[in-house]
Amino acid sequence: MSKPAVYVTEHDLKRLRALIAEAIWSGVGPRADLERLEAGLTQRSILPSDEVPSDVITLNSRVQLFEPDTGETLTCTLVLPEAADIGQLKISILSPVGLAMFGHRVGDLFESPAPGGVKRLEVTAIWYQPEAVGDFS
C-alpha cells in the first residue's frame, strides 16, 4: 500500500504538543500513547489551519470509515482524550485508530493496530471538519 500525504494543522499541532507536555509533566496518561502521538506528529505535513483541505481529518472532525475486510462502515468523531466517549463514537486521538486516521483524506486507505492484528480502513466521507466552517478554536 503506498503511503498518502498525511496532514496536521498548525493549531492542532500546537494543541497536541501542549497535551503531550502537560501529560508528561503531570504523569497522567500511558507513556507509550504519548510517545506514539509525538512520533506520529513528526510524520505529518504541517499546514496553516485556514489552508487545510476540507477533506482532511483534523481534531473534532466527524468522519465515515469503511473496513474493506468486513464491509462495515463506522461514523465517528476524532477528539482530544478528555472528550472521548466510545458510546457516542468519540474516538481519542491517543487511541490507535484515532492516531492512525488523523490527517488522512477522503479516499485514503490506512492501517490501524487492533486486537488480534491490523485493521485496514478507508476514509469515505468527512461529515464535519471545523476548519471547513471557519472554526479555528
# chains A, B, ... in the order shown; residues from 1 in each chain; ligands from 1

$ residues_around --residues "region 66-75 of chain A" --least-positions-apart "5" --cutoff "7 Å" --atoms "only C-alpha atoms" --output "list in words"
Arg120, Leu121, Glu122, Val123 and Thr124 of chain A

$ residues_around --residues "region 87-96 of chain A" --least-positions-apart "3" --cutoff "10 Å" --atoms "only C-alpha atoms" --output "PyMOL selection string"
chain A and resi 16+29-30+32-37+58-62+74-84+99-102+111-114

$ select_by_dssp --residues "chain A" --states "strand (DSSP E or B)" --output "VMD selection string"
chain A and resid 7 to 9 45 to 47 56 62 to 67 72 to 79 85 90 to 92 105 109 to 114 117 to 128

$ closest_residue --among "A:Thr9, A:Lys119, A:Phe136, A:Arg105" --to "Ser54 (chain A)" --atoms "only C-alpha atoms"
A:Arg105

$ select_by_dssp --residues "chain A" --states "alpha helix (DSSP H)" --output "PDB file with C-alpha atoms, in the first residue's frame"
ATOM      1  CA  GLU A  10      -0.663  24.316  12.955  1.00  0.00           C
ATOM      2  CA  HIS A  11      -3.474  24.750  15.507  1.00  0.00           C
ATOM      3  CA  ASP A  12      -3.909  21.005  16.092  1.00  0.00           C
ATOM      4  CA  LEU A  13      -0.139  20.576  16.319  1.00  0.00           C
ATOM      5  CA  LYS A  14       0.048  23.256  18.999  1.00  0.00           C
ATOM      6  CA  ARG A  15      -2.829  21.679  20.996  1.00  0.00           C
ATOM      7  CA  LEU A  16      -1.385  18.179  20.731  1.00  0.00           C
ATOM      8  CA  ARG A  17       2.132  19.243  21.725  1.00  0.00           C
ATOM      9  CA  ALA A  18       0.597  21.013  24.765  1.00  0.00           C
ATOM     10  CA  LEU A  19      -1.340  17.830  25.587  1.00  0.00           C
ATOM     11  CA  ILE A  20       1.859  15.786  25.420  1.00  0.00           C
ATOM     12  CA  ALA A  21       3.829  18.252  27.562  1.00  0.00           C
ATOM     13  CA  GLU A  22       1.082  18.500  30.193  1.00  0.00           C
ATOM     14  CA  ALA A  23       0.620  14.734  30.369  1.00  0.00           C
ATOM     15  CA  ILE A  24       4.360  14.122  30.730  1.00  0.00           C
ATOM     16  CA  TRP A  25       4.703  16.854  33.361  1.00  0.00           C
ATOM     17  CA  SER A  26       1.734  15.607  35.398  1.00  0.00           C
ATOM     18  CA  ARG A  31       3.714   6.976  28.220  1.00  0.00           C
ATOM     19  CA  ALA A  32       3.550   4.685  25.155  1.00  0.00           C
ATOM     20  CA  ASP A  33       0.439   6.520  23.879  1.00  0.00           C
ATOM     21  CA  LEU A  34       2.166   9.887  24.243  1.00  0.00           C
ATOM     22  CA  GLU A  35       5.306   8.650  22.509  1.00  0.00           C
ATOM     23  CA  ARG A  36       3.219   7.195  19.660  1.00  0.00           C
ATOM     24  CA  LEU A  37       1.415  10.537  19.283  1.00  0.00           C
ATOM     25  CA  GLU A  38       4.680  12.504  19.267  1.00  0.00           C
ATOM     26  CA  ALA A  39       6.183  10.163  16.669  1.00  0.00           C
ATOM     27  CA  GLY A  40       3.016  10.393  14.583  1.00  0.00           C
ATOM     28  CA  LEU A  41       3.113  14.186  14.600  1.00  0.00           C
ATOM     29  CA  THR A  42       6.613  14.218  13.124  1.00  0.00           C
ATOM     30  CA  PRO A  96      -4.511   3.548  17.890  1.00  0.00           C
ATOM     31  CA  VAL A  97      -7.332   4.144  15.397  1.00  0.00           C
ATOM     32  CA  GLY A  98      -7.556   7.832  16.366  1.00  0.00           C
ATOM     33  CA  LEU A  99      -3.908   8.479  15.641  1.00  0.00           C
ATOM     34  CA  ALA A 100      -4.000   6.300  12.523  1.00  0.00           C
ATOM     35  CA  MET A 101      -6.908   8.233  10.962  1.00  0.00           C
TER      36      MET A 101
END

$ closest_residue --among "A:Ile86, A:Ala125, A:Val6, A:Val133" --to "Asp55 (chain A)" --atoms "only C-alpha atoms"
A:Ala125

$ closest_residue --among "A:Ser49, A:Ile57, A:Gly134, A:Tyr128" --to "Gly103 (chain A)" --atoms "only C-alpha atoms"
A:Ile57

$ atom_distance --atom1 "CA of Val63 (chain A)" --atom2 "CA of Gln43 (chain A)"
21.2 Å

$ atom_distance --atom1 "CA of Ile126 (chain A)" --atom2 "CA of Ser45 (chain A)"
19.3 Å

$ atom_distance --atom1 "CA of Val52 (chain A)" --atom2 "CA of Gly107 (chain A)"
16.0 Å
